[in-house]
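Structure file target_5.pdb with PDB, C-alpha atoms:
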```
ATOM      1  CA  ARG A   1     102.648  40.417  14.983
ATOM      2  CA  THR A   2     103.599  41.960  11.681
ATOM      3  CA  GLN A   3     106.522  44.258  11.167
ATOM      4  CA  ALA A   4     104.268  47.213  11.935
ATOM      5  CA  GLY A   5     103.301  45.602  15.234
ATOM      6  CA  VAL A   6      99.671  45.052  14.241
ATOM      7  CA  MET A   7      98.110  41.603  14.139
ATOM      8  CA  PRO A   8      96.379  40.763  10.826
ATOM      9  CA  LEU A   9      92.567  40.607  11.005
ATOM     10  CA  SER A  10      92.385  36.905  10.108
ATOM     11  CA  ARG A  11      94.678  35.936  12.961
ATOM     12  CA  LEU A  12      92.801  38.157  15.388
ATOM     13  CA  SER A  13      89.506  36.512  14.399
ATOM     14  CA  LEU A  14      90.997  33.058  14.944
ATOM     15  CA  LEU A  15      92.322  34.041  18.350
ATOM     16  CA  LEU A  16      88.912  35.351  19.467
ATOM     17  CA  ALA A  17      87.305  32.115  18.348
ATOM     18  CA  LEU A  18      89.796  29.999  20.281
ATOM     19  CA  VAL A  19      89.277  31.762  23.604
ATOM     20  CA  GLY A  20      86.058  31.748  25.630
ATOM     21  CA  CYS A  21      84.156  34.154  23.416
ATOM     22  CA  ASP A  22      80.887  32.404  24.215
ATOM     23  CA  ALA A  23      80.884  34.247  27.513
ATOM     24  CA  PHE A  24      80.230  37.448  25.617
ATOM     25  CA  LEU A  25      77.423  36.156  23.422
ATOM     26  CA  SER A  26      73.795  35.400  24.314
ATOM     27  CA  PRO A  27      72.339  31.902  23.856
ATOM     28  CA  SER A  28      70.460  31.080  20.625
ATOM     29  CA  PRO A  29      68.060  28.281  19.713
ATOM     30  CA  PHE A  30      69.491  27.975  16.212
ATOM     31  CA  VAL A  31      70.885  24.521  15.395
ATOM     32  CA  VAL A  32      74.490  24.251  14.200
ATOM     33  CA  PRO A  33      75.959  21.098  12.575
ATOM     34  CA  ALA A  34      77.723  18.795  15.027
ATOM     35  CA  SER A  35      80.916  18.843  12.953
ATOM     36  CA  LEU A  36      81.160  22.586  13.453
ATOM     37  CA  LEU A  37      80.360  22.390  17.149
ATOM     38  CA  ALA A  38      83.293  20.013  17.622
ATOM     39  CA  SER A  39      85.742  22.863  17.045
ATOM     40  CA  PRO A  40      86.385  25.752  19.458
ATOM     41  CA  ARG A  41      85.193  28.188  16.794
ATOM     42  CA  GLY A  42      81.961  26.207  16.453
ATOM     43  CA  ALA A  43      81.236  26.609  20.168
ATOM     44  CA  CYS A  44      81.239  30.354  19.675
ATOM     45  CA  ILE A  45      79.073  30.257  16.561
ATOM     46  CA  ALA A  46      76.493  27.995  18.212
ATOM     47  CA  HIS A  47      75.616  30.701  20.708
ATOM     48  CA  ALA A  48      75.573  33.607  18.232
ATOM     49  CA  PRO A  49      72.224  35.408  17.898
ATOM     50  CA  PRO A  50      70.572  35.448  14.439
ATOM     51  CA  SER A  51      71.542  38.341  12.220
ATOM     52  CA  GLY A  52      69.107  40.925  10.905
ATOM     53  CA  ALA A  53      69.202  39.276   7.499
ATOM     54  CA  VAL A  54      68.271  35.907   9.006
ATOM     55  CA  ARG A  55      65.352  37.381  10.933
ATOM     56  CA  MET A  56      64.113  39.216   7.822
ATOM     57  CA  ALA A  57      64.289  36.031   5.763
ATOM     58  CA  ALA A  58      62.321  34.139   8.411
ATOM     59  CA  ALA A  59      59.630  36.860   8.509
ATOM     60  CA  THR A  60      59.375  36.853   4.706
ATOM     61  CA  GLN A  61      59.008  33.076   4.675
ATOM     62  CA  GLU A  62      56.246  33.267   7.289
ATOM     63  CA  ALA A  63      54.388  35.955   5.313
ATOM     64  CA  GLU A  64      54.600  33.885   2.126
ATOM     65  CA  GLY A  65      53.142  30.902   3.967
ATOM     66  CA  ILE A  66      50.189  32.969   5.204
ATOM     67  CA  LYS A  67      49.595  34.423   1.733
ATOM     68  CA  GLN A  68      49.545  30.927   0.250
ATOM     69  CA  LYS A  69      46.879  29.867   2.741
ATOM     70  CA  ILE A  70      44.800  32.982   1.954
ATOM     71  CA  LEU A  71      44.892  32.199  -1.768
ATOM     72  CA  GLN A  72      43.998  28.555  -1.059
ATOM     73  CA  VAL A  73      40.881  29.588   0.875
ATOM     74  CA  ALA A  74      40.047  32.096  -1.876
ATOM     75  CA  ALA A  75      40.193  29.321  -4.480
ATOM     76  CA  LEU A  76      38.150  26.880  -2.374
ATOM     77  CA  THR A  77      35.401  29.452  -1.872
ATOM     78  CA  ASP A  78      35.340  30.795  -5.458
ATOM     79  CA  ARG A  79      36.793  34.192  -4.438
ATOM     80  CA  GLY A  80      34.461  34.173  -1.426
ATOM     81  CA  GLN A  81      31.256  33.821  -3.451
ATOM     82  CA  ARG A  82      30.441  30.477  -1.785
ATOM     83  CA  LEU A  83      30.322  32.273   1.571
ATOM     84  CA  ASN A  84      27.196  34.159   0.569
ATOM     85  CA  THR A  85      24.517  33.287   3.114
ATOM     86  CA  LEU A  86      21.800  34.228   0.610
ATOM     87  CA  VAL A  87      22.777  31.043  -1.222
ATOM     88  CA  ALA A  88      23.521  28.787   1.751
ATOM     89  CA  ASP A  89      25.211  28.866   5.146
ATOM     90  CA  THR A  90      28.061  26.696   3.903
ATOM     91  CA  TYR A  91      31.808  27.147   4.450
ATOM     92  CA  GLN A  92      31.315  29.885   7.042
ATOM     93  CA  GLU A  93      34.331  28.567   8.939
ATOM     94  CA  LYS A  94      36.422  29.665   5.961
ATOM     95  CA  ARG A  95      35.297  33.264   6.497
ATOM     96  CA  THR A  96      36.712  33.137  10.035
ATOM     97  CA  GLN A  97      39.831  31.352   8.846
ATOM     98  CA  ILE A  98      40.734  33.930   6.218
ATOM     99  CA  ALA A  99      39.987  36.790   8.618
ATOM    100  CA  ASP A 100      42.414  35.266  11.132
ATOM    101  CA  LEU A 101      45.045  34.839   8.423
ATOM    102  CA  ALA A 102      44.642  38.478   7.378
ATOM    103  CA  THR A 103      45.065  39.587  10.981
ATOM    104  CA  LYS A 104      48.336  37.643  11.215
ATOM    105  CA  LEU A 105      49.584  39.030   7.903
ATOM    106  CA  GLU A 106      48.819  42.715   8.443
ATOM    107  CA  PRO A 107      51.700  43.435  10.898
ATOM    108  CA  MET A 108      54.145  42.132   8.274
ATOM    109  CA  SER A 109      53.107  44.741   5.695
ATOM    110  CA  LYS A 110      55.642  46.737   3.729
ATOM    111  CA  ASP A 111      55.409  50.504   4.008
ATOM    112  CA  ILE A 112      52.050  51.637   2.606
ATOM    113  CA  THR A 113      53.185  54.157  -0.014
ATOM    114  CA  GLU A 114      52.010  55.339  -3.417
ATOM    115  CA  GLU A 115      54.893  53.450  -4.996
ATOM    116  CA  ALA A 116      53.797  50.178  -3.357
ATOM    117  CA  LEU A 117      50.122  50.622  -4.319
ATOM    118  CA  LYS A 118      50.349  51.915  -7.870
ATOM    119  CA  GLY A 119      49.806  49.737 -10.900
ATOM    120  CA  GLU A 120      47.427  46.937 -11.794
ATOM    121  CA  TRP A 121      45.700  44.554  -9.387
ATOM    122  CA  GLU A 122      43.112  41.760  -9.633
ATOM    123  CA  LEU A 123      40.525  40.773  -7.027
ATOM    124  CA  ALA A 124      41.213  37.328  -5.575
ATOM    125  CA  TYR A 125      38.784  37.277  -2.634
ATOM    126  CA  ALA A 126      36.021  39.279  -0.950
ATOM    127  CA  ASP A 127      33.932  38.329   2.073
ATOM    128  CA  VAL A 128      31.019  40.326   0.609
ATOM    129  CA  GLU A 129      29.571  40.681  -2.889
ATOM    130  CA  LEU A 130      32.372  40.984  -5.465
ATOM    131  CA  PHE A 131      30.911  44.032  -7.193
ATOM    132  CA  ARG A 132      31.306  46.039  -3.974
ATOM    133  CA  SER A 133      35.004  46.469  -4.777
ATOM    134  CA  SER A 134      34.087  49.071  -7.421
ATOM    135  CA  PRO A 135      34.191  52.790  -6.502
ATOM    136  CA  PHE A 136      30.631  52.977  -7.841
ATOM    137  CA  PHE A 137      29.312  50.731  -5.079
ATOM    138  CA  LEU A 138      31.753  52.074  -2.493
ATOM    139  CA  ALA A 139      30.223  55.503  -3.074
ATOM    140  CA  ILE A 140      26.712  54.041  -2.815
ATOM    141  CA  GLU A 141      27.653  52.447   0.495
ATOM    142  CA  ARG A 142      28.850  55.758   1.891
ATOM    143  CA  ALA A 143      25.788  57.632   0.632
ATOM    144  CA  LEU A 144      23.258  55.146   1.989
ATOM    145  CA  ASP A 145      24.908  54.761   5.375
ATOM    146  CA  THR A 146      25.844  58.397   6.054
ATOM    147  CA  SER A 147      23.429  60.592   4.115
ATOM    148  CA  PRO A 148      20.845  62.272   6.370
ATOM    149  CA  GLY A 149      18.561  62.759   3.376
ATOM    150  CA  ILE A 150      17.183  59.227   3.198
ATOM    151  CA  PRO A 151      15.889  58.183   6.641
ATOM    152  CA  TRP A 152      12.744  56.860   5.008
ATOM    153  CA  LEU A 153      14.671  54.086   3.259
ATOM    154  CA  GLY A 154      15.622  52.424   6.527
ATOM    155  CA  LYS A 155      12.084  52.695   7.845
ATOM    156  CA  ALA A 156      10.622  51.252   4.656
ATOM    157  CA  LEU A 157      12.932  48.235   4.891
ATOM    158  CA  GLY A 158      12.518  47.799   8.636
ATOM    159  CA  ILE A 159      16.173  48.700   9.328
ATOM    160  CA  THR A 160      16.822  50.429  12.630
ATOM    161  CA  ASP A 161      20.619  50.570  12.328
ATOM    162  CA  PRO A 162      21.434  53.514   9.991
ATOM    163  CA  THR A 163      24.665  51.815   8.861
ATOM    164  CA  LYS A 164      22.859  48.733   7.509
ATOM    165  CA  LYS A 165      20.931  50.317   4.656
ATOM    166  CA  SER A 166      23.710  49.675   2.140
ATOM    167  CA  ALA A 167      23.957  46.003   3.133
ATOM    168  CA  MET A 168      20.264  45.558   2.349
ATOM    169  CA  PHE A 169      20.654  47.411  -0.958
ATOM    170  CA  PHE A 170      23.538  45.166  -2.027
ATOM    171  CA  LYS A 171      21.574  42.019  -1.211
ATOM    172  CA  LEU A 172      18.624  43.266  -3.267
ATOM    173  CA  HIS A 173      20.952  44.150  -6.142
ATOM    174  CA  GLN A 174      22.525  40.714  -6.038
ATOM    175  CA  LEU A 175      19.114  39.029  -6.120
ATOM    176  CA  GLN A 176      18.160  41.203  -9.057
ATOM    177  CA  VAL A 177      21.156  40.510 -11.298
ATOM    178  CA  LEU A 178      22.366  37.048 -10.226
ATOM    179  CA  SER A 179      19.146  35.107  -9.709
ATOM    180  CA  TRP A 180      18.709  31.915 -11.763
ATOM    181  CA  GLY A 181      22.309  32.187 -12.920
ATOM    182  CA  ALA A 182      21.350  34.841 -15.443
ATOM    183  CA  SER A 183      24.476  36.864 -14.770
ATOM    184  CA  THR A 184      27.889  35.948 -13.387
ATOM    185  CA  VAL A 185      30.869  38.094 -12.463
ATOM    186  CA  GLY A 186      34.176  37.358 -14.150
ATOM    187  CA  ARG A 187      37.545  39.014 -13.752
ATOM    188  CA  ILE A 188      37.726  42.140 -11.585
ATOM    189  CA  GLY A 189      40.692  44.439 -12.074
ATOM    190  CA  GLN A 190      41.921  47.770 -10.738
ATOM    191  CA  ARG A 191      44.499  50.267 -11.970
ATOM    192  CA  ILE A 192      45.888  52.804  -9.514
ATOM    193  CA  ASP A 193      47.673  55.893 -10.834
ATOM    194  CA  PHE A 194      48.613  58.502  -8.237
ATOM    195  CA  GLU A 195      50.369  60.729 -10.788
ATOM    196  CA  LYS A 196      47.077  61.203 -12.650
ATOM    197  CA  GLY A 197      45.068  60.940  -9.441
ATOM    198  CA  GLU A 198      42.943  58.167 -10.964
ATOM    199  CA  PHE A 199      41.539  54.871  -9.717
ATOM    200  CA  GLU A 200      40.025  52.718 -12.473
ATOM    201  CA  SER A 201      37.969  49.619 -11.723
ATOM    202  CA  GLU A 202      36.608  47.094 -14.199
ATOM    203  CA  PHE A 203      34.646  43.905 -13.895
ATOM    204  CA  ASP A 204      33.484  41.472 -16.558
ATOM    205  CA  THR A 205      29.939  40.192 -16.542
ATOM    206  CA  VAL A 206      28.527  37.271 -18.501
ATOM    207  CA  ILE A 207      24.792  36.945 -19.166
ATOM    208  CA  PHE A 208      23.032  33.670 -20.068
ATOM    209  CA  GLY A 209      26.137  31.572 -19.582
ATOM    210  CA  LEU A 210      24.223  28.263 -19.672
ATOM    211  CA  THR A 211      20.634  27.991 -20.899
ATOM    212  CA  VAL A 212      20.299  24.261 -21.567
ATOM    213  CA  ILE A 213      17.347  22.008 -20.664
ATOM    214  CA  PRO A 214      18.965  18.536 -20.579
ATOM    215  CA  ILE A 215      15.732  16.611 -21.068
ATOM    216  CA  LEU A 216      15.019  18.463 -24.311
ATOM    217  CA  GLY A 217      18.550  18.445 -25.658
ATOM    218  CA  TRP A 218      22.051  19.824 -25.226
ATOM    219  CA  PHE A 219      21.796  22.957 -27.349
ATOM    220  CA  LYS A 220      21.767  26.416 -25.761
ATOM    221  CA  LEU A 221      18.396  28.090 -25.777
ATOM    222  CA  LEU A 222      19.918  31.569 -25.607
ATOM    223  CA  PRO A 223      23.293  32.907 -26.735
ATOM    224  CA  THR A 224      25.804  34.168 -24.189
ATOM    225  CA  PHE A 225      26.290  37.918 -23.967
ATOM    226  CA  GLY A 226      28.367  40.104 -21.746
ATOM    227  CA  GLY A 227      30.378  43.239 -21.262
ATOM    228  CA  ARG A 228      33.027  44.941 -19.175
ATOM    229  CA  VAL A 229      31.870  47.651 -16.766
ATOM    230  CA  VAL A 230      34.560  50.292 -16.312
ATOM    231  CA  THR A 231      34.320  52.856 -13.529
ATOM    232  CA  LEU A 232      36.702  55.784 -13.118
ATOM    233  CA  ALA A 233      37.298  57.674  -9.888
ATOM    234  CA  ASP A 234      39.533  60.725  -9.665
ATOM    235  CA  ALA A 235      40.914  63.004  -6.936
ATOM    236  CA  LEU A 236      42.795  59.923  -5.703
ATOM    237  CA  LYS A 237      44.887  60.529  -2.583
ATOM    238  CA  LEU A 238      46.732  58.399  -0.058
ATOM    239  CA  GLU A 239      46.290  59.728   3.468
ATOM    240  CA  GLY A 240      48.133  57.477   5.885
ATOM    241  CA  ASN A 241      46.841  54.027   4.982
ATOM    242  CA  GLU A 242      43.555  55.272   3.495
ATOM    243  CA  MET A 243      42.936  55.783  -0.223
ATOM    244  CA  THR A 244      40.290  58.441  -0.832
ATOM    245  CA  MET A 245      38.712  59.170  -4.197
ATOM    246  CA  GLU A 246      35.662  60.622  -5.924
ATOM    247  CA  LEU A 247      33.488  58.686  -8.365
ATOM    248  CA  ALA A 248      33.556  60.389 -11.771
ATOM    249  CA  LYS A 249      32.065  58.290 -14.590
ATOM    250  CA  THR A 250      31.315  54.788 -15.848
ATOM    251  CA  GLN A 251      30.867  52.942 -19.141
ATOM    252  CA  VAL A 252      30.256  49.473 -20.596
ATOM    253  CA  VAL A 253      32.741  48.183 -23.167
ATOM    254  CA  THR A 254      33.317  44.904 -25.003
ATOM    255  CA  CYS A 255      34.520  41.975 -22.919
ATOM    256  CA  PRO A 256      37.038  39.924 -24.943
ATOM    257  CA  GLY A 257      35.579  36.631 -26.104
ATOM    258  CA  VAL A 258      31.967  37.528 -25.270
ATOM    259  CA  LYS A 259      29.293  38.887 -27.615
ATOM    260  CA  ARG A 260      28.158  42.449 -27.051
ATOM    261  CA  LEU A 261      24.721  42.974 -25.606
ATOM    262  CA  PRO A 262      22.476  43.517 -28.641
ATOM    263  CA  PHE A 263      19.972  45.760 -26.869
ATOM    264  CA  LEU A 264      22.798  47.983 -25.587
ATOM    265  CA  ASP A 265      25.040  48.001 -28.630
ATOM    266  CA  GLY A 266      25.064  51.329 -30.407
ATOM    267  CA  ILE A 267      23.034  53.023 -27.679
ATOM    268  CA  PHE A 268      24.743  52.500 -24.331
ATOM    269  CA  MET A 269      28.007  50.737 -25.165
ATOM    270  CA  ASP A 270      31.389  52.519 -25.259
ATOM    271  CA  LYS A 271      30.032  55.772 -23.861
ATOM    272  CA  TRP A 272      31.082  57.466 -20.649
ATOM    273  CA  TYR A 273      28.212  58.445 -18.364
ATOM    274  CA  PRO A 274      28.735  61.415 -16.011
ATOM    275  CA  VAL A 275      27.791  59.732 -12.759
ATOM    276  CA  ARG A 276      29.128  62.536 -10.569
ATOM    277  CA  GLU A 277      27.000  65.232 -12.164
ATOM    278  CA  VAL A 278      23.826  63.137 -11.888
ATOM    279  CA  TRP A 279      24.745  62.037  -8.369
ATOM    280  CA  LYS A 280      24.746  65.588  -7.020
ATOM    281  CA  LEU A 281      21.210  66.150  -8.325
ATOM    282  CA  LEU A 282      19.694  63.295  -6.325
ATOM    283  CA  PRO A 283      17.617  64.510  -3.357
ATOM    284  CA  TRP A 284      19.112  62.082  -0.828
ATOM    285  CA  ASN A 285      22.560  63.466  -1.677
ATOM    286  CA  GLY A 286      21.433  67.005  -0.915
ATOM    287  CA  GLY A 287      20.549  67.964  -4.495
ATOM    288  CA  PRO A 288      19.614  69.487  -6.731
ATOM    289  CA  PHE A 289      21.640  72.646  -5.977
ATOM    290  CA  ASP A 290      24.405  71.705  -3.568
ATOM    291  CA  GLY A 291      24.545  67.920  -3.516
ATOM    292  CA  ARG A 292      27.300  65.879  -1.931
ATOM    293  CA  ALA A 293      29.982  64.515  -4.219
ATOM    294  CA  PRO A 294      30.180  60.712  -4.638
ATOM    295  CA  GLU A 295      33.181  60.246  -2.385
ATOM    296  CA  CYS A 296      34.490  56.929  -1.117
ATOM    297  CA  ALA A 297      37.536  55.443   0.584
ATOM    298  CA  VAL A 298      39.233  52.150   1.365
ATOM    299  CA  THR A 299      41.749  51.336   4.078
ATOM    300  CA  VAL A 300      44.894  49.449   3.092
ATOM    301  CA  THR A 301      45.855  46.992   5.828
ATOM    302  CA  TYR A 302      48.640  45.135   4.008
ATOM    303  CA  VAL A 303      50.719  45.508   0.856
ATOM    304  CA  ASP A 304      53.825  43.950  -0.631
ATOM    305  CA  GLU A 305      55.082  43.226  -4.133
ATOM    306  CA  THR A 306      52.330  40.703  -4.953
ATOM    307  CA  MET A 307      49.367  41.139  -2.558
ATOM    308  CA  ARG A 308      47.196  43.930  -1.160
ATOM    309  CA  LEU A 309      44.512  43.729   1.527
ATOM    310  CA  THR A 310      41.916  46.479   1.876
ATOM    311  CA  LYS A 311      38.742  47.094   3.866
ATOM    312  CA  ASP A 312      35.758  49.306   3.063
ATOM    313  CA  MET A 313      33.948  51.513   5.573
ATOM    314  CA  SER A 314      31.932  48.539   6.863
ATOM    315  CA  GLY A 315      35.065  46.446   7.454
ATOM    316  CA  ALA A 316      34.533  44.110   4.490
ATOM    317  CA  LEU A 317      37.784  42.432   3.424
ATOM    318  CA  PHE A 318      39.108  42.473  -0.149
ATOM    319  CA  VAL A 319      42.248  40.606  -1.241
ATOM    320  CA  TYR A 320      44.052  41.676  -4.423
ATOM    321  CA  THR A 321      47.027  40.189  -6.237
ATOM    322  CA  ARG A 322      49.233  41.385  -9.063
ATOM    323  CA  PRO A 323      48.257  39.958 -12.479
ATOM    324  CA  VAL A 324      50.151  36.830 -13.499
ATOM    325  CA  GLU A 325      52.606  37.634 -16.277
ATOM    326  CA  GLY A 326      53.438  35.305 -19.132
ATOM    327  CA  VAL A 327      54.693  31.922 -17.939
TER     328      VAL A 327
END
```
As structure tokens, how would this structure be written, given the file I've shared?
Amino acid sequence: RTQAGVMPLSRLSLLLALVGCDAFLSPSPFVVPASLLASPRGACIAHAPPSGAVRMAAATQEAEGIKQKILQVAALTDRGQRLNTLVADTYQEKRTQIADLATKLEPMSKDITEEALKGEWELAYADVELFRSSPFFLAIERALDTSPGIPWLGKALGITDPTKKSAMFFKLHQLQVLSWGASTVGRIGQRIDFEKGEFESEFDTVIFGLTVIPILGWFKLLPTFGGRVVTLADALKLEGNEMTMELAKTQVVTCPGVKRLPFLDGIFMDKWYPVREVWKLLPWNGGPFDGRAPECAVTVTYVDETMRLTKDMSGALFVYTRPVEGV
């Protein structure tokens, strides 16, 4: 004891370690070095339960391992484009694999807040057509699958399920723009700004990437053109884990490193087109006097500092990552 009659904390800690303190602590599977277990204090530590910090570190390490596997599958499948059954029924086991990984990752999500979601993201994987990540096509999906004004479309295509009209439309659109390798989709980015209430999506497209006939020579028959399609949605809100928005306008701008489309330059390029106003006039949206607005929504199932998982109204999975900064 000290002069005040109180034992110093260090001595008290040593005393507790020397007595049978392991009777008060629950067993733990954690391994402790043998040299430490040889001491009476080590016997106590060996049975100590893991701290909150240790458990959090283990959970973070597990999440990082799952994220690495998701990105590996995304790379192997070319952002999911090689899973397209219109091309071939190859790698379909990867679709199941990445879905299982997403299911394991989702419970480890950080809080889904505006702060966590805001900023710039890039699409790393989609289990459907890549262009469907844009609010333009998200709004088309909602209109085709929920609008009562177009029952004839399903009948014309032989579709009995009213929620499958958009899937058929997207397949037809893909055949139209991607056949024969005429057009390919490059980088897809998104910027989320809750202060302005804006959701901006952009994707790069390259036309006539390779037009060589090897037997005749190695020169390109046609030059490569391209552009960046920018779509802006406003009225952005976060309601629980769902981001809702309203399609506003779209434009085509120059894609860095790619020639501008000559037949669009000066006429259609670098001009905003009021999609919302035209949308409300369409008869299947209830137009021309009181048409439905081009609304759409995505559900956020996971977010952290570097990755975001979302699903559209059909359950299609989209994986986004933060852009890589300078190395």
Could you tell me, as a PyMOL selection string, exactly which residues end up selected when the PyMOL selection byres ((chain A and resi 302) around 12) is applied to this structure? chain A and resi 63+67+101-113+116-117+241-242+299-301+303-311+317-321
May I ask for the distance between CA of Gln190 in chain A and CA of Trp121 in chain A, given in Å to one decimal place?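 Taking CA of Gln190 in chain A as the start and CA of Trp121 in chain A as the end point, the length is 5.1 Å.
One finds CA of Phe170 in chain A at 21.5 Å from CA of Thr96 in chain A.
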I want to know what sits within 8 Å of Ile188 in chain A, based on all atoms listed in the file, with residues of the same chain fewer than 6 positions away left out; could you give that as a short mmCIF file (atom, residue, chain, number, x, y, z; two decimals) with C-alpha atoms, in the coordinates of the input?
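And here is the file that came out, out-v4.cif:
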```cif
data_model
loop_
_atom_site.label_atom_id
_atom_site.label_comp_id
_atom_site.auth_asym_id
_atom_site.auth_seq_id
_atom_site.Cartn_x
_atom_site.Cartn_y
_atom_site.Cartn_z
CA GLU A 122 43.11 41.76 -9.63
CA LEU A 123 40.52 40.77 -7.03
CA SER A 201 37.97 49.62 -11.72
CA GLU A 202 36.61 47.09 -14.20
CA PHE A 203 34.65 43.90 -13.90
CA ASP A 204 33.48 41.47 -16.56
#
```
Identify which of the residues A:Arg95, A:Arg292, A:Arg82, A:Lys118 lies closest to Ala143 in chain A, counting all atoms listed in the file when measuring atom-to-atom distances.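 With all atoms listed in the file as the atom set, the closest residue is A:Arg292.
Taking CA of Ala124 in chain A and CA of Thr231 in chain A as the two end points, the separation is 18.8 Å.
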Evaluate the PyMOL selection byres ((chain A and resi 94) around 9) and record the selected residues as JSON, numbers by chain, following the chain and residue labels used in the document. {"A": [73, 74, 76, 77, 80, 83, 91, 92, 93, 95, 96, 97, 98, 99]}
Which of these residues is nearest to Thr205 in chain A, using all atoms listed in the file: A:Cys255, A:Met313, A:Leu238, A:Ala53?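 Checking each of A:Cys255, A:Met313, A:Leu238, A:Ala53 against Thr205 in chain A, counting all atoms listed in the file, the winner is A:Cys255.
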Residue with the minimum atom-to-atom distance to Ile70 in chain A, picked from A:Trp272, A:Tyr125, A:Phe194, A:Phe199 with all atoms listed in the file counted, is A:Tyr125
Size and centre in Å, one decimal, axis-aligned box, all listed range 183-192 of chain A atoms plus 3 Å per side, as lines of an AutoDock Vina configuration file:
```
center_x = 35.2
center_y = 44.4
center_z = -12.1
size_x = 27.4
size_y = 22.9
size_z = 11.3
```
Please enumerate the residues selected by the PyMOL selection byres ((chain A and resi 129-139) around 6) when evaluated against the supplied file, formatted as a count of residues only. 8
Considering all atoms listed in the file, state which residue in the set A:Met269, A:Val252, A:Leu282, A:Ala293 is at the smallest distance from Ala235 in chain A. A:Ala293
Just checking: using only C-alpha atoms, which residue out of A:Glu115, A:Asp193, A:Glu200, A:Glu246 ends up closest to Val230 in chain A?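 Checking each of A:Glu115, A:Asp193, A:Glu200, A:Glu246 against Val230 in chain A, counting only C-alpha atoms, the winner is A:Glu200.
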Identify, on the basis of all atoms listed in the file, every residue whose closest approach to Gly197 in chain A does not exceed 12 Å; exclude the query and any residue fewer than 5 positions from it along the same chain; express the result as a PyMOL selection string. chain A and resi 114+118+191-192+232-238+243-248
Complete the atom set of range 313-324 of chain A to N, CA, C and O atoms and return it as a PDB file, in the coordinates of the input.
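Writing the result to result-v5.pdb gives the following:
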```
ATOM      1  N   MET A 313      34.362  50.833   4.348  1.00  0.00           N
ATOM      2  CA  MET A 313      33.948  51.513   5.573  1.00  0.00           C
ATOM      3  C   MET A 313      33.173  50.599   6.520  1.00  0.00           C
ATOM      4  O   MET A 313      33.100  50.873   7.719  1.00  0.00           O
ATOM      5  N   SER A 314      32.641  49.485   6.012  1.00  0.00           N
ATOM      6  CA  SER A 314      31.932  48.539   6.863  1.00  0.00           C
ATOM      7  C   SER A 314      32.852  47.461   7.425  1.00  0.00           C
ATOM      8  O   SER A 314      32.412  46.625   8.224  1.00  0.00           O
ATOM      9  N   GLY A 315      34.120  47.455   6.996  1.00  0.00           N
ATOM     10  CA  GLY A 315      35.065  46.446   7.454  1.00  0.00           C
ATOM     11  C   GLY A 315      35.148  45.226   6.563  1.00  0.00           C
ATOM     12  O   GLY A 315      35.837  44.262   6.905  1.00  0.00           O
ATOM     13  N   ALA A 316      34.470  45.240   5.417  1.00  0.00           N
ATOM     14  CA  ALA A 316      34.533  44.110   4.490  1.00  0.00           C
ATOM     15  C   ALA A 316      35.947  43.968   3.943  1.00  0.00           C
ATOM     16  O   ALA A 316      36.602  44.950   3.603  1.00  0.00           O
ATOM     17  N   LEU A 317      36.415  42.728   3.836  1.00  0.00           N
ATOM     18  CA  LEU A 317      37.784  42.432   3.424  1.00  0.00           C
ATOM     19  C   LEU A 317      37.854  42.128   1.933  1.00  0.00           C
ATOM     20  O   LEU A 317      37.060  41.350   1.405  1.00  0.00           O
ATOM     21  N   PHE A 318      38.837  42.733   1.259  1.00  0.00           N
ATOM     22  CA  PHE A 318      39.108  42.473  -0.149  1.00  0.00           C
ATOM     23  C   PHE A 318      40.588  42.137  -0.305  1.00  0.00           C
ATOM     24  O   PHE A 318      41.445  42.859   0.209  1.00  0.00           O
ATOM     25  N   VAL A 319      40.872  41.045  -1.014  1.00  0.00           N
ATOM     26  CA  VAL A 319      42.248  40.606  -1.241  1.00  0.00           C
ATOM     27  C   VAL A 319      42.564  40.749  -2.724  1.00  0.00           C
ATOM     28  O   VAL A 319      41.849  40.206  -3.573  1.00  0.00           O
ATOM     29  N   TYR A 320      43.633  41.460  -3.037  1.00  0.00           N
ATOM     30  CA  TYR A 320      44.052  41.676  -4.423  1.00  0.00           C
ATOM     31  C   TYR A 320      45.448  41.100  -4.633  1.00  0.00           C
ATOM     32  O   TYR A 320      46.272  41.082  -3.717  1.00  0.00           O
ATOM     33  N   THR A 321      45.703  40.655  -5.861  1.00  0.00           N
ATOM     34  CA  THR A 321      47.027  40.189  -6.237  1.00  0.00           C
ATOM     35  C   THR A 321      47.440  40.854  -7.550  1.00  0.00           C
ATOM     36  O   THR A 321      46.606  41.338  -8.308  1.00  0.00           O
ATOM     37  N   ARG A 322      48.740  40.869  -7.789  1.00  0.00           N
ATOM     38  CA  ARG A 322      49.233  41.385  -9.063  1.00  0.00           C
ATOM     39  C   ARG A 322      48.881  40.393 -10.161  1.00  0.00           C
ATOM     40  O   ARG A 322      48.868  39.187  -9.946  1.00  0.00           O
ATOM     41  N   PRO A 323      48.569  40.878 -11.376  1.00  0.00           N
ATOM     42  CA  PRO A 323      48.257  39.958 -12.479  1.00  0.00           C
ATOM     43  C   PRO A 323      49.429  39.034 -12.770  1.00  0.00           C
ATOM     44  O   PRO A 323      50.589  39.426 -12.643  1.00  0.00           O
ATOM     45  N   VAL A 324      49.130  37.806 -13.149  1.00  0.00           N
ATOM     46  CA  VAL A 324      50.151  36.830 -13.499  1.00  0.00           C
ATOM     47  C   VAL A 324      50.678  37.165 -14.891  1.00  0.00           C
ATOM     48  O   VAL A 324      49.919  37.261 -15.861  1.00  0.00           O
TER      49      VAL A 324
END
```
